[in-house]
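To be precise, the following lines are start-v2.cif, and they hold mmCIF, N, CA and C atoms.
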data_upload
loop_
_atom_site.label_atom_id
_atom_site.label_comp_id
_atom_site.auth_asym_id
_atom_site.auth_seq_id
_atom_site.Cartn_x
_atom_site.Cartn_y
_atom_site.Cartn_z
N MET A 1 -88.22 45.22 -4.02
CA MET A 1 -87.76 45.55 -2.76
C MET A 1 -86.42 46.22 -2.90
N ALA A 2 -86.39 47.28 -2.30
CA ALA A 2 -85.22 48.12 -2.37
C ALA A 2 -84.36 47.86 -1.15
N THR A 3 -83.12 47.90 -1.43
CA THR A 3 -82.18 47.67 -0.34
C THR A 3 -81.92 48.99 0.36
N SER A 4 -81.82 48.85 1.63
CA SER A 4 -81.60 50.06 2.41
C SER A 4 -80.11 50.27 2.61
N ASN A 5 -79.80 51.43 3.09
CA ASN A 5 -78.40 51.77 3.35
C ASN A 5 -77.81 50.84 4.40
N ASP A 6 -78.63 50.48 5.35
CA ASP A 6 -78.13 49.57 6.39
C ASP A 6 -77.77 48.22 5.79
N ASP A 7 -78.59 47.78 4.89
CA ASP A 7 -78.28 46.49 4.25
C ASP A 7 -76.99 46.60 3.45
N ILE A 8 -76.84 47.71 2.77
CA ILE A 8 -75.63 47.90 1.96
C ILE A 8 -74.42 47.98 2.88
N LEU A 9 -74.57 48.70 4.01
CA LEU A 9 -73.47 48.83 4.95
C LEU A 9 -73.12 47.47 5.57
N ARG A 10 -74.12 46.69 5.88
CA ARG A 10 -73.88 45.36 6.45
C ARG A 10 -73.18 44.48 5.42
N ALA A 11 -73.65 44.60 4.19
CA ALA A 11 -73.03 43.80 3.11
C ALA A 11 -71.59 44.24 2.91
N LEU A 12 -71.36 45.55 2.94
CA LEU A 12 -69.98 46.06 2.82
C LEU A 12 -69.14 45.59 4.00
N GLY A 13 -69.73 45.57 5.18
CA GLY A 13 -69.00 45.09 6.38
C GLY A 13 -68.62 43.62 6.23
N ARG A 14 -69.57 42.85 5.70
CA ARG A 14 -69.26 41.43 5.49
C ARG A 14 -68.16 41.26 4.45
N VAL A 15 -68.26 42.05 3.37
CA VAL A 15 -67.23 41.98 2.32
C VAL A 15 -65.90 42.43 2.90
N GLU A 16 -65.95 43.50 3.71
CA GLU A 16 -64.72 43.99 4.32
C GLU A 16 -64.13 42.93 5.27
N GLY A 17 -64.98 42.24 6.01
CA GLY A 17 -64.53 41.16 6.91
C GLY A 17 -63.90 40.02 6.12
N ARG A 18 -64.55 39.72 5.01
CA ARG A 18 -64.00 38.65 4.16
C ARG A 18 -62.66 39.08 3.58
N LEU A 19 -62.57 40.36 3.15
CA LEU A 19 -61.31 40.86 2.60
C LEU A 19 -60.21 40.83 3.66
N THR A 20 -60.58 41.19 4.89
CA THR A 20 -59.60 41.15 5.97
C THR A 20 -59.13 39.71 6.17
N GLY A 21 -60.05 38.75 6.13
CA GLY A 21 -59.69 37.32 6.27
C GLY A 21 -58.80 36.87 5.11
N ILE A 22 -59.17 37.37 3.92
CA ILE A 22 -58.38 37.01 2.74
C ILE A 22 -56.99 37.62 2.86
N GLU A 23 -56.92 38.86 3.32
CA GLU A 23 -55.62 39.50 3.49
C GLU A 23 -54.77 38.75 4.52
N GLU A 24 -55.41 38.31 5.61
CA GLU A 24 -54.67 37.53 6.62
C GLU A 24 -54.19 36.21 6.02
N SER A 25 -55.05 35.57 5.22
CA SER A 25 -54.66 34.31 4.59
C SER A 25 -53.50 34.53 3.63
N VAL A 26 -53.59 35.62 2.86
CA VAL A 26 -52.51 35.94 1.92
C VAL A 26 -51.23 36.24 2.70
N SER A 27 -51.34 36.95 3.81
CA SER A 27 -50.17 37.27 4.64
C SER A 27 -49.55 35.98 5.19
N LEU A 28 -50.40 35.06 5.66
CA LEU A 28 -49.90 33.77 6.17
C LEU A 28 -49.22 32.97 5.05
N LEU A 29 -49.86 32.99 3.86
CA LEU A 29 -49.27 32.29 2.72
C LEU A 29 -47.93 32.89 2.34
N ARG A 30 -47.83 34.23 2.40
CA ARG A 30 -46.56 34.90 2.11
C ARG A 30 -45.49 34.48 3.12
N GLU A 31 -45.88 34.42 4.40
CA GLU A 31 -44.93 33.99 5.43
C GLU A 31 -44.47 32.54 5.18
N ASP A 32 -45.45 31.68 4.84
CA ASP A 32 -45.11 30.28 4.57
C ASP A 32 -44.18 30.18 3.37
N VAL A 33 -44.51 30.92 2.30
CA VAL A 33 -43.67 30.89 1.10
C VAL A 33 -42.30 31.46 1.42
N SER A 34 -42.25 32.51 2.22
CA SER A 34 -40.96 33.10 2.61
C SER A 34 -40.14 32.10 3.42
N ASP A 35 -40.80 31.41 4.37
CA ASP A 35 -40.10 30.37 5.16
C ASP A 35 -39.60 29.25 4.26
N GLU A 36 -40.43 28.83 3.32
CA GLU A 36 -40.03 27.77 2.38
C GLU A 36 -38.85 28.22 1.53
N LYS A 37 -38.88 29.48 1.09
CA LYS A 37 -37.76 30.01 0.30
C LYS A 37 -36.48 30.02 1.13
N ASP A 38 -36.59 30.44 2.40
CA ASP A 38 -35.42 30.45 3.28
C ASP A 38 -34.89 29.02 3.49
N ASN A 39 -35.81 28.09 3.75
CA ASN A 39 -35.41 26.68 3.93
C ASN A 39 -34.76 26.12 2.67
N ALA A 40 -35.34 26.45 1.51
CA ALA A 40 -34.78 25.97 0.25
C ALA A 40 -33.40 26.57 0.02
N HIS A 41 -33.25 27.86 0.33
CA HIS A 41 -31.95 28.52 0.17
C HIS A 41 -30.91 27.86 1.09
N GLU A 42 -31.30 27.61 2.33
CA GLU A 42 -30.37 26.97 3.28
C GLU A 42 -30.04 25.55 2.83
N SER A 43 -31.03 24.84 2.35
CA SER A 43 -30.81 23.47 1.87
C SER A 43 -29.86 23.47 0.68
N ARG A 44 -30.08 24.42 -0.26
CA ARG A 44 -29.19 24.50 -1.43
C ARG A 44 -27.77 24.86 -1.01
N SER A 45 -27.63 25.75 -0.03
CA SER A 45 -26.28 26.13 0.41
C SER A 45 -25.59 24.93 1.06
N VAL A 46 -26.33 24.11 1.82
CA VAL A 46 -25.75 22.89 2.41
C VAL A 46 -25.31 21.94 1.31
N ILE A 47 -26.14 21.78 0.29
CA ILE A 47 -25.80 20.89 -0.83
C ILE A 47 -24.56 21.41 -1.55
N HIS A 48 -24.49 22.72 -1.76
CA HIS A 48 -23.32 23.30 -2.45
C HIS A 48 -22.06 23.12 -1.60
N ARG A 49 -22.17 23.29 -0.28
CA ARG A 49 -21.00 23.05 0.59
C ARG A 49 -20.55 21.60 0.48
N ARG A 50 -21.50 20.68 0.49
CA ARG A 50 -21.15 19.25 0.36
C ARG A 50 -20.49 18.97 -0.99
N LEU A 51 -21.06 19.56 -2.04
CA LEU A 51 -20.48 19.37 -3.37
C LEU A 51 -19.07 19.94 -3.45
N ASP A 52 -18.87 21.12 -2.83
CA ASP A 52 -17.53 21.72 -2.81
C ASP A 52 -16.56 20.82 -2.05
N GLU A 53 -17.00 20.25 -0.93
CA GLU A 53 -16.15 19.34 -0.15
C GLU A 53 -15.84 18.08 -0.95
N GLN A 54 -16.83 17.56 -1.65
CA GLN A 54 -16.60 16.38 -2.48
C GLN A 54 -15.60 16.69 -3.59
N ALA A 55 -15.75 17.85 -4.21
CA ALA A 55 -14.81 18.25 -5.27
C ALA A 55 -13.41 18.37 -4.71
N ARG A 56 -13.27 18.94 -3.51
CA ARG A 56 -11.96 19.07 -2.88
C ARG A 56 -11.36 17.69 -2.59
N GLN A 57 -12.18 16.79 -2.06
CA GLN A 57 -11.70 15.44 -1.76
C GLN A 57 -11.30 14.70 -3.04
N ILE A 58 -12.07 14.85 -4.09
CA ILE A 58 -11.73 14.21 -5.36
C ILE A 58 -10.42 14.77 -5.90
N HIS A 59 -10.24 16.09 -5.77
CA HIS A 59 -8.99 16.70 -6.21
C HIS A 59 -7.80 16.15 -5.42
N LEU A 60 -7.96 16.04 -4.09
CA LEU A 60 -6.89 15.48 -3.26
C LEU A 60 -6.61 14.03 -3.63
N LEU A 61 -7.67 13.28 -3.92
CA LEU A 61 -7.49 11.88 -4.33
C LEU A 61 -6.76 11.79 -5.65
N ASP A 62 -7.11 12.67 -6.59
CA ASP A 62 -6.41 12.69 -7.88
C ASP A 62 -4.94 13.01 -7.68
N MET A 63 -4.65 13.98 -6.80
CA MET A 63 -3.25 14.34 -6.53
C MET A 63 -2.52 13.16 -5.90
N THR A 64 -3.17 12.46 -4.97
CA THR A 64 -2.56 11.31 -4.32
C THR A 64 -2.27 10.21 -5.32
N VAL A 65 -3.23 9.96 -6.21
CA VAL A 65 -3.03 8.92 -7.23
C VAL A 65 -1.89 9.31 -8.16
N THR A 66 -1.82 10.59 -8.51
CA THR A 66 -0.75 11.06 -9.40
C THR A 66 0.61 10.89 -8.72
N VAL A 67 0.70 11.29 -7.46
CA VAL A 67 1.96 11.16 -6.72
C VAL A 67 2.33 9.69 -6.57
N SER A 68 1.33 8.86 -6.24
CA SER A 68 1.59 7.42 -6.09
C SER A 68 2.07 6.82 -7.41
N SER A 69 1.48 7.25 -8.51
CA SER A 69 1.89 6.74 -9.82
C SER A 69 3.33 7.14 -10.12
N ASN A 70 3.68 8.39 -9.80
CA ASN A 70 5.05 8.84 -10.02
C ASN A 70 6.03 8.08 -9.15
N VAL A 71 5.68 7.87 -7.89
CA VAL A 71 6.55 7.12 -6.97
C VAL A 71 6.68 5.69 -7.46
N ASP A 72 5.58 5.11 -7.90
CA ASP A 72 5.60 3.74 -8.40
C ASP A 72 6.52 3.64 -9.62
N GLY A 73 6.44 4.62 -10.50
CA GLY A 73 7.33 4.63 -11.68
C GLY A 73 8.79 4.76 -11.27
N GLN A 74 9.07 5.61 -10.28
CA GLN A 74 10.45 5.77 -9.81
C GLN A 74 10.96 4.48 -9.19
N ILE A 75 10.11 3.83 -8.40
CA ILE A 75 10.51 2.57 -7.76
C ILE A 75 10.78 1.51 -8.82
N ARG A 76 9.94 1.44 -9.82
CA ARG A 76 10.16 0.47 -10.91
C ARG A 76 11.48 0.74 -11.61
N GLU A 77 11.77 2.01 -11.85
CA GLU A 77 13.02 2.38 -12.51
C GLU A 77 14.22 2.00 -11.63
N GLU A 78 14.11 2.25 -10.33
CA GLU A 78 15.20 1.89 -9.41
C GLU A 78 15.40 0.38 -9.38
N ILE A 79 14.30 -0.37 -9.35
CA ILE A 79 14.40 -1.83 -9.36
C ILE A 79 15.05 -2.31 -10.64
N LYS A 80 14.68 -1.70 -11.76
CA LYS A 80 15.28 -2.06 -13.05
C LYS A 80 16.78 -1.79 -13.02
N ASN A 81 17.17 -0.61 -12.49
CA ASN A 81 18.59 -0.27 -12.41
C ASN A 81 19.34 -1.23 -11.48
N LEU A 82 18.72 -1.56 -10.34
CA LEU A 82 19.36 -2.50 -9.41
C LEU A 82 19.50 -3.88 -10.03
N LYS A 83 18.50 -4.30 -10.77
CA LYS A 83 18.56 -5.61 -11.44
C LYS A 83 19.70 -5.63 -12.45
N GLU A 84 19.83 -4.55 -13.21
CA GLU A 84 20.93 -4.47 -14.18
C GLU A 84 22.28 -4.48 -13.46
N THR A 85 22.37 -3.77 -12.33
CA THR A 85 23.62 -3.73 -11.56
C THR A 85 23.97 -5.12 -11.03
N VAL A 86 22.98 -5.82 -10.51
CA VAL A 86 23.21 -7.17 -9.98
C VAL A 86 23.66 -8.10 -11.10
N GLU A 87 23.00 -8.01 -12.25
CA GLU A 87 23.40 -8.86 -13.37
C GLU A 87 24.82 -8.54 -13.83
N THR A 88 25.16 -7.26 -13.88
CA THR A 88 26.52 -6.86 -14.27
C THR A 88 27.54 -7.37 -13.25
N ASN A 89 27.23 -7.19 -11.97
CA ASN A 89 28.14 -7.68 -10.92
C ASN A 89 28.27 -9.19 -10.95
N HIS A 90 27.17 -9.88 -11.22
CA HIS A 90 27.21 -11.34 -11.28
C HIS A 90 28.10 -11.80 -12.44
N GLU A 91 27.95 -11.11 -13.57
CA GLU A 91 28.80 -11.46 -14.72
C GLU A 91 30.27 -11.19 -14.41
N ALA A 92 30.54 -10.13 -13.67
CA ALA A 92 31.94 -9.80 -13.34
C ALA A 92 32.52 -10.79 -12.33
N VAL A 93 31.70 -11.29 -11.42
CA VAL A 93 32.18 -12.16 -10.35
C VAL A 93 32.12 -13.64 -10.76
N ALA A 94 31.35 -13.98 -11.77
CA ALA A 94 31.16 -15.37 -12.16
C ALA A 94 32.48 -16.10 -12.41
N PRO A 95 33.47 -15.54 -13.12
CA PRO A 95 34.72 -16.27 -13.31
C PRO A 95 35.44 -16.55 -11.98
N ALA A 96 35.44 -15.60 -11.08
CA ALA A 96 36.08 -15.81 -9.78
C ALA A 96 35.36 -16.90 -8.99
N LEU A 97 34.03 -16.91 -9.06
CA LEU A 97 33.27 -17.95 -8.36
C LEU A 97 33.55 -19.32 -8.97
N ASP A 98 33.62 -19.38 -10.28
CA ASP A 98 33.93 -20.66 -10.93
C ASP A 98 35.32 -21.14 -10.52
N GLU A 99 36.28 -20.21 -10.46
CA GLU A 99 37.65 -20.56 -10.04
C GLU A 99 37.65 -21.04 -8.60
N TRP A 100 36.90 -20.37 -7.74
CA TRP A 100 36.82 -20.77 -6.34
C TRP A 100 36.22 -22.18 -6.23
N LYS A 101 35.19 -22.46 -6.99
CA LYS A 101 34.59 -23.79 -6.96
C LYS A 101 35.60 -24.84 -7.43
N ARG A 102 36.36 -24.52 -8.48
CA ARG A 102 37.37 -25.44 -8.98
C ARG A 102 38.44 -25.69 -7.92
N LEU A 103 38.91 -24.61 -7.25
CA LEU A 103 39.92 -24.76 -6.20
C LEU A 103 39.36 -25.56 -5.02
N LYS A 104 38.12 -25.34 -4.68
CA LYS A 104 37.49 -26.08 -3.59
C LYS A 104 37.44 -27.57 -3.93
N THR A 105 37.04 -27.88 -5.15
CA THR A 105 37.00 -29.29 -5.59
C THR A 105 38.41 -29.88 -5.57
N LEU A 106 39.39 -29.12 -6.05
CA LEU A 106 40.77 -29.58 -6.04
C LEU A 106 41.25 -29.80 -4.61
N GLY A 107 40.89 -28.90 -3.69
CA GLY A 107 41.27 -29.04 -2.27
C GLY A 107 40.67 -30.29 -1.66
N VAL A 108 39.41 -30.57 -1.97
CA VAL A 108 38.77 -31.79 -1.46
C VAL A 108 39.49 -33.02 -2.00
N GLY A 109 39.87 -32.98 -3.27
CA GLY A 109 40.61 -34.10 -3.87
C GLY A 109 41.96 -34.29 -3.20
N ILE A 110 42.67 -33.19 -2.98
CA ILE A 110 43.99 -33.28 -2.33
C ILE A 110 43.83 -33.79 -0.90
N SER A 111 42.81 -33.32 -0.18
CA SER A 111 42.56 -33.81 1.18
C SER A 111 42.30 -35.31 1.16
N GLY A 112 41.57 -35.77 0.18
CA GLY A 112 41.32 -37.21 0.06
C GLY A 112 42.60 -37.99 -0.19
N LEU A 113 43.45 -37.43 -1.07
CA LEU A 113 44.72 -38.10 -1.35
C LEU A 113 45.60 -38.16 -0.10
N ILE A 114 45.64 -37.04 0.66
CA ILE A 114 46.43 -37.02 1.90
C ILE A 114 45.89 -38.04 2.88
N ALA A 115 44.57 -38.13 3.01
CA ALA A 115 43.98 -39.12 3.92
C ALA A 115 44.32 -40.53 3.46
N LEU A 116 44.25 -40.77 2.17
CA LEU A 116 44.58 -42.10 1.63
C LEU A 116 46.06 -42.40 1.86
N ALA A 117 46.91 -41.39 1.65
CA ALA A 117 48.34 -41.60 1.88
C ALA A 117 48.60 -41.86 3.35
N GLY A 118 47.92 -41.17 4.22
CA GLY A 118 48.07 -41.38 5.66
C GLY A 118 47.67 -42.79 6.05
N LEU A 119 46.57 -43.25 5.52
CA LEU A 119 46.13 -44.62 5.81
C LEU A 119 47.15 -45.64 5.27
N THR A 120 47.64 -45.33 4.08
CA THR A 120 48.63 -46.25 3.49
C THR A 120 49.89 -46.28 4.33
N VAL A 121 50.40 -45.12 4.70
CA VAL A 121 51.61 -45.06 5.53
C VAL A 121 51.35 -45.73 6.87
N GLY A 122 50.19 -45.47 7.46
CA GLY A 122 49.86 -46.09 8.74
C GLY A 122 49.81 -47.60 8.62
N GLY A 123 49.16 -48.07 7.57
CA GLY A 123 49.10 -49.53 7.36
C GLY A 123 50.47 -50.11 7.12
N THR A 124 51.29 -49.39 6.34
CA THR A 124 52.64 -49.87 6.06
C THR A 124 53.46 -49.91 7.34
N ILE A 125 53.39 -48.87 8.16
CA ILE A 125 54.14 -48.84 9.41
C ILE A 125 53.67 -49.95 10.33
N SER A 126 52.33 -50.17 10.38
CA SER A 126 51.82 -51.24 11.23
C SER A 126 52.34 -52.60 10.75
N TYR A 127 52.30 -52.80 9.45
CA TYR A 127 52.79 -54.08 8.90
C TYR A 127 54.29 -54.21 9.12
N ALA A 128 55.00 -53.10 8.85
CA ALA A 128 56.46 -53.14 9.03
C ALA A 128 56.79 -53.27 10.51
N GLY A 129 55.97 -52.67 11.37
CA GLY A 129 56.21 -52.78 12.82
C GLY A 129 56.12 -54.22 13.26
N ASP A 130 55.12 -54.93 12.76
CA ASP A 130 55.01 -56.35 13.12
C ASP A 130 56.23 -57.12 12.63
N GLY A 131 56.66 -56.79 11.43
CA GLY A 131 57.87 -57.45 10.88
C GLY A 131 59.11 -57.07 11.68
N LEU A 132 59.20 -55.80 12.07
CA LEU A 132 60.35 -55.32 12.83
C LEU A 132 60.39 -55.98 14.20
N VAL A 133 59.23 -56.11 14.83
CA VAL A 133 59.17 -56.78 16.14
C VAL A 133 59.63 -58.23 15.99
N ALA A 134 59.18 -58.88 14.93
CA ALA A 134 59.59 -60.27 14.71
C ALA A 134 61.10 -60.34 14.45
N TRP A 135 61.64 -59.41 13.71
CA TRP A 135 63.07 -59.42 13.40
C TRP A 135 63.90 -59.15 14.66
N VAL A 136 63.44 -58.15 15.50
CA VAL A 136 64.16 -57.83 16.74
C VAL A 136 64.11 -59.02 17.68
N ARG A 137 63.01 -59.68 17.79
CA ARG A 137 62.93 -60.87 18.64
C ARG A 137 63.87 -61.97 18.13
N HIS A 138 63.88 -62.08 16.80
CA HIS A 138 64.77 -63.10 16.21
C HIS A 138 66.23 -62.71 16.46
N TRP A 139 66.54 -61.44 16.32
CA TRP A 139 67.92 -60.98 16.50
C TRP A 139 68.36 -61.12 17.93
N LEU A 140 67.40 -60.80 18.85
CA LEU A 140 67.75 -60.92 20.25
C LEU A 140 67.57 -62.35 20.75
N LYS A 141 67.11 -63.17 19.94
CA LYS A 141 66.89 -64.59 20.21
C LYS A 141 65.94 -64.78 21.40
N LEU A 142 64.85 -64.03 21.31
CA LEU A 142 63.87 -64.07 22.39
C LEU A 142 62.76 -65.09 22.08
N THR A 143 62.84 -65.70 21.02
CA THR A 143 61.75 -66.60 20.68
C THR A 143 61.76 -67.91 21.36
#

Rewritten as structure tokens:
Amino acid sequence: MATSNDDILRALGRVEGRLTGIEESVSLLREDVSDEKDNAHESRSVIHRRLDEQARQIHLLDMTVTVSSNVDGQIREEIKNLKETVETNHEAVAPALDEWKRLKTLGVGISGLIALAGLTVGGTISYAGDGLVAWVRHWLKLT
């Protein structure tokens, strides 16, 4: 059985229809792949921006730590210098403080002696006063 031209034309039409469908499918696949490429490119650019921001933040943190370390070292040095100054001043003032403590102790001792002398004089005057009153009464013959 021989194929007729109509059969060949119909077969070619079917093949052409299939090719058109295949071309449409390929076109759709190209669009999908193109969209995926665009999405991937955008996603990568977002990731790179985030990485750049992270790198910037890490750099700022490193700078902050470096500055803090330098300030900490300066503060330690100042504290060391102040401690040495205080120790030097304490050594210079220590003899004067010891002398002041000695004078204070001596002053308390002298105050105690004056109080004791006052009590003694008061007691003596009181005793002598009683004797004087007795003598004056005897002299005036008031007894």

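You will find atom N of Val93 in chain A at 24.9 Å from atom C of Val108 in chain A.
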
Determine the axis-aligned bounding box of all atoms of range 7-26 of chain A present in the file, pad each side by 6 Å, and express its centre and edge lengths in Å to one decimal place as AutoDock Vina command-line options.
--center_x -64.9 --center_y 41.6 --center_z 4.4 --size_x 39.4 --size_y 26.5 --size_z 17.0

Check: In Å, with one decimal, what is the gap from CA of Val67 in chain A to atom C of Leu82 in chain A?
Finding: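 Going from CA of Val67 in chain A over to atom C of Leu82 in chain A, I get 23.3 Å.
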
Next item on the list: Using CA of Met63 in chain A and CA of Val46 in chain A as the two end points, give the distance in Å to one decimal.
Entry: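 Taking CA of Met63 in chain A and CA of Val46 in chain A, their separation equals 25.7 Å.
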